[in-house]
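*Asks:* Below you will find the structure I want to go over with you.
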Amino acid sequence: MEKLSNYFQAGIEYFQTYKGSSMLVVLFLISLLYIYMHDNKEIIKRDVFLRYSIVAVLLLFNPLVVYASVNIFFKDTVYWRMFWTVPLVPIIAYAAVQVISKCNEKKKKIISSIAILLIIAYCGKLVYSSGTFQVADNLYKLPQEAIDICGIIHDQEEDGEGVKLLVTPELASYIRQYDGTMLMLFGRNGRGNSPEQARTAYEELGRERIDISLITGIARDTGCNYIVLNSYRLPPDKPGTDALNAFGYISVDVVGDYIIFKDVQ
Amino acid sequence: MTIQQIVLIIFWMLFVPFLAGSLVTAFMKSDRNSFSLQYLCGILLMFMLTWILALPMIFMRCKLSTLAITWGLVLLVVCVVSIAINRARLIKILKESMISLRRIPWYGIIAVALILFQILMYVCFQHIDDDDAMFVASAVTAVDTDSLFYYNTYTGLVDTSFEMRYVISPFPMLTAIISYLTSIHAAILSHTILPVFWVLLTYMVYYLLSTCLFKNDIKKIYLFLFFACFLNIFGGSTVYRASNFMLVRIWQGKAIIAAVIIPAIIYLAIRTMYQKGKLADWLALCFTMGGASLLSSMGILLAPFTLGILTLNHFISHRNFRTVFYAAAACLPCIISGIIYIIMR
């Protein structure tokens, strides 16, 4: 019983995650109330909007549904996506149209439209705010450094050499979005085929000052013939493009803050 | 991008879905001549076909080229049959679409401008998303290595086992197929070109849904679209909202579930259950469920959940067991994907 109440509580928490600080849910409830008061006799609107929303909400907060979804299907914490099944936008838009259509005069229609738009703007939040989008660097919509690094490494590549890359975490997610032939020790969040070494290298490369002997050791053990490092993370006593010379890796180019090293041993 | 690539993308993402969709709608009964309906049915058919072909080919370790050529050939045959069956109707559909465009009220023009604005945001700006390290890189890997989930997406090394969550919903392979057929890089396709079609499709579904709600009252339909645009644009209170997924990262399968599949299920459920749809309407609904299975492992649960509630409500109102049977049959793609996932994960 206690476990069930925990899952009910979890359902509410997932809903809070989904909802955020938005008041659009309130607008949605008002819209449902409007449909109940004015369109309840129309079967489609009653069944598809009103009853659907009520049943969906009852199920989404049902501890058994939360339990089954989280434990059998999702494995992680994305239950909030279940709330996508509630058609918030169509229901609010429908109610708004009905409210405006009920106005007899054109002037009243325009005033009520503006009022509803203002309410929506007040209750919601602009998707395009707070740096969601930036001006695109290129058509690929990937960091230009990742694209340039791939190009430089391919220029350096000798016939049949093959490329395996140990790259700083900032770029790890993007290299293979541009070039699927590049082999990497790890990708996003340090995930890789050699978990232990990948994890160690990922964590080390994320530090303020990296241990280059550790990094080159892992690179050599795992067959990485190229290393891309962030120049400002190199140790103060070996700050430049010569930093890895003693370990058999020489610098072949610099792209922005990144130095590309190649194994010459 | 070259002119040849632009022609090819218009062919595969506009002409082919339109013609393929016309074959499905040819067997529908009511309100079957809108351009939006042809396009929706065509895209759903493409989703279903990808799901049917990709899943066994992934497990058989086939090449991407095999999948892409088979996929392309099947769709071309569908298009030829569609032209043979629909010759007269296709011209009628295009003419009717042109006429309906002339009837757009002034606020409809604002709605269209808002839709274009949302598309332009995708074309001109960029949103860098961490999940692309899986979704986009899978498509790029498939194209660059001519394989289907054979290599680990994060490292490019041979994968000895399948990550079932992704394999069971191989939407990146559809991006890879289109990339293969158009020679456009999969990252450009995902981030810049396909969002144009997905956003258009989203509002086509809203348009179709509103035709059911407002009985083809064109003024109310465009007012509905106008408010839907506005609600989506102001739906960014958290990154977890469907509107946010739709306007920020629609190239990912889960975002298409939120933006297109859920409203499409509601629209097609109205057609099939409340407007006494024919078998072709049920088929379109089944394609939607196949699309949900293709797009995201979440879709395997979300789509039957939505259709299940709609069916329950219809059953309470009408006591019609036939509808329950057809709805259960339409869910087959999700049931199959669910069983494979539970057995093989």
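Just so we're on the same page: first chain in the structure tokens is A, next is B, and so on; residues restart at 1 for each chain, and ligands are numbered from 1 in the order they show up.
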Could you tell me, as a PyMOL selection string, which residues of range 21-233 of chain A DSSP assigns to alpha helix (DSSP H) when given the backbone?
*Replies:* chain A and resi 24-38+43-44+52-60+63-68+88-102+106-123+144-156+169-172+175-178+195-205+212-221
*Asks:* Please find the residues of chain B near chain A - the criterion being any atom within 6 Å, counting only C-alpha atoms - and write them as a PyMOL selection string.
*Replies:* chain B and resi 125-127+133+136-137+140-141+144+154-156+187-188+224+227-228+233-238+240-242+258+313
*Asks:* Need the shell around Ser5 in chain A: protein/DNA/RNA residues with any atom at most 12 Å away, counting only C-alpha atoms. Skip same-chain ones fewer than 5 positions apart. Format as a PyMOL selection string?
*Replies:* chain A and resi 10-12+61-64+66-67
*Asks:* Tell me which protein, DNA and RNA residues are within 9 Å of Ala259 in chain B, counting only C-alpha atoms, leaving out same-chain ones fewer than 5 positions away, and put them as a count of residues only.
*Replies:* 13
*Asks:* Range 231-245 of chain A: which residues within 10 Å, counting only C-alpha atoms, same-chain residues fewer than 3 positions away excluded, as JSON, numbers by chain?
*Replies:* {"A": [168, 205, 206, 207, 208, 209, 210, 211, 212, 213, 215, 216, 227, 228, 248, 249, 250, 251, 252, 253, 254, 255, 256, 257, 258, 259, 260, 261, 262, 263, 264]}
*Asks:* Grab the residues selected above and save them as a compact mmCIF listing (two decimals), in the first residue's frame with N, CA and C atoms.
*Replies:*
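Output below, filename again.txt:
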```
# COMPACT_ATOMS: atom_id res chain seq x y z
N THR A 168 38.54 15.51 -26.66
CA THR A 168 38.06 16.19 -25.46
C THR A 168 36.52 16.11 -25.37
N LEU A 205 40.02 14.14 -19.02
CA LEU A 205 39.95 15.23 -20.00
C LEU A 205 38.98 16.34 -19.58
N GLY A 206 38.12 16.02 -18.61
CA GLY A 206 37.18 17.02 -18.12
C GLY A 206 37.79 17.89 -17.02
N ARG A 207 38.97 17.50 -16.52
CA ARG A 207 39.59 18.26 -15.43
C ARG A 207 40.17 19.60 -15.92
N GLU A 208 40.39 20.47 -14.95
CA GLU A 208 40.94 21.80 -15.29
C GLU A 208 42.34 21.67 -15.89
N ARG A 209 43.14 20.79 -15.29
CA ARG A 209 44.50 20.53 -15.79
C ARG A 209 44.63 19.03 -15.99
N ILE A 210 44.94 18.62 -17.20
CA ILE A 210 44.95 17.19 -17.46
C ILE A 210 46.34 16.59 -17.26
N ASP A 211 46.36 15.30 -16.94
CA ASP A 211 47.61 14.55 -16.78
C ASP A 211 47.94 13.95 -18.15
N ILE A 212 48.88 14.56 -18.87
CA ILE A 212 49.11 14.13 -20.25
C ILE A 212 49.76 12.75 -20.34
N SER A 213 50.49 12.35 -19.30
CA SER A 213 51.09 11.00 -19.38
C SER A 213 49.98 9.94 -19.28
N ILE A 215 46.81 10.37 -20.20
CA ILE A 215 46.02 10.43 -21.45
C ILE A 215 46.74 9.73 -22.61
N THR A 216 48.03 10.03 -22.76
CA THR A 216 48.77 9.40 -23.86
C THR A 216 48.90 7.89 -23.63
N ILE A 227 44.86 12.47 -30.98
CA ILE A 227 44.32 13.01 -29.73
C ILE A 227 43.97 14.48 -29.98
N VAL A 228 42.79 14.88 -29.57
CA VAL A 228 42.41 16.30 -29.69
C VAL A 228 42.23 16.84 -28.27
N GLY A 248 55.49 10.84 -27.89
CA GLY A 248 55.37 10.28 -29.24
C GLY A 248 54.20 10.81 -30.05
N TYR A 249 53.55 11.84 -29.55
CA TYR A 249 52.44 12.46 -30.31
C TYR A 249 52.87 13.88 -30.70
N ILE A 250 52.80 14.22 -31.97
CA ILE A 250 53.16 15.58 -32.38
C ILE A 250 51.93 16.35 -32.85
N SER A 251 52.00 17.64 -32.67
CA SER A 251 50.86 18.48 -33.08
C SER A 251 50.83 18.60 -34.61
N VAL A 252 49.64 18.40 -35.21
CA VAL A 252 49.53 18.56 -36.67
C VAL A 252 48.75 19.81 -37.06
N ASP A 253 47.92 20.30 -36.17
CA ASP A 253 47.19 21.53 -36.48
C ASP A 253 46.49 22.05 -35.22
N VAL A 254 46.03 23.29 -35.31
CA VAL A 254 45.28 23.89 -34.20
C VAL A 254 43.98 24.43 -34.77
N VAL A 255 42.86 24.12 -34.11
CA VAL A 255 41.54 24.64 -34.53
C VAL A 255 40.93 25.33 -33.32
N GLY A 256 40.86 26.63 -33.35
CA GLY A 256 40.32 27.38 -32.20
C GLY A 256 41.14 27.06 -30.97
N ASP A 257 40.45 26.56 -29.92
CA ASP A 257 41.14 26.22 -28.68
C ASP A 257 41.68 24.79 -28.70
N TYR A 258 41.48 24.08 -29.77
CA TYR A 258 41.82 22.65 -29.78
C TYR A 258 43.11 22.38 -30.56
N ILE A 259 43.94 21.51 -29.98
CA ILE A 259 45.18 21.10 -30.66
C ILE A 259 45.02 19.64 -31.08
N ILE A 260 45.37 19.35 -32.35
CA ILE A 260 45.26 17.97 -32.85
C ILE A 260 46.66 17.36 -32.81
N PHE A 261 46.78 16.23 -32.11
CA PHE A 261 48.06 15.53 -32.03
C PHE A 261 47.95 14.20 -32.77
N LYS A 262 49.08 13.83 -33.41
CA LYS A 262 49.10 12.55 -34.14
C LYS A 262 50.21 11.66 -33.58
N ASP A 263 49.92 10.36 -33.50
CA ASP A 263 50.91 9.40 -33.02
C ASP A 263 51.97 9.18 -34.11
N VAL A 264 53.24 9.41 -33.78
CA VAL A 264 54.29 9.21 -34.79
C VAL A 264 55.23 8.05 -34.40
```
*Asks:* Under the rule that only C-alpha atoms are counted, which of B:Gly290, B:Ile115, B:Met1, B:Val80 is the nearest residue to Asn232 in chain B?
*Replies:* B:Ile115
*Asks:* Give the strand (DSSP E or B) residues of range 153-250 of chain A, as DSSP finds them on the backbone, and put them as a list in words.
*Replies:* Lys164, Leu165, Leu166, Val167, Leu183, Met184, Tyr226, Ile227, Val228, Leu229, Asn230, Tyr249 and Ile250 of chain A
*Asks:* When you count only C-alpha atoms, which of these residues is closest to Tyr274 in chain B: B:Ile193, B:Ser30, B:Ile104, B:Ile83?
*Replies:*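 Going through B:Ile193, B:Ser30, B:Ile104, B:Ile83 one by one, the smallest distance to Tyr274 in chain B is for B:Ser30.
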*Asks:* For each of B:Leu55, B:Ala280, B:Cys124, B:Ile256, take the minimum atom-to-atom distance to Ala292 in chain B, counting only C-alpha atoms, then give the residue where this is smallest.
*Replies:*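 Smallest distance to Ala292 in chain B is found for B:Ile256.
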*Asks:* Set the distance at 10 Å and use only C-alpha atoms: which residues neighbour Leu75 in chain B once local chain neighbours fewer than 2 positions away are removed? I'd like the list as a list in words.
*Replies:*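 Non-adjacent residues within range: Trp12, Val16, Pro17, Leu19, Ala20, Gly42, Leu45, Met46, Leu49, Ile69, Thr70, Trp71, Gly72, Leu73, Val77, Val78, Cys79, Val80 and Val81 of chain B.
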*Asks:* Between CA of Gln156 in chain A and CA of Gln265 in chain A, measure the distance and give it in Å to one decimal.
*Replies:*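 These two atoms are separated by 15.2 Å.
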*Asks:* How many Å lie between CA of Ala68 in chain B and CA of Pro170 in chain B, rounded to one decimal?
*Replies:*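 Separation of CA of Ala68 in chain B and CA of Pro170 in chain B: 13.4 Å.
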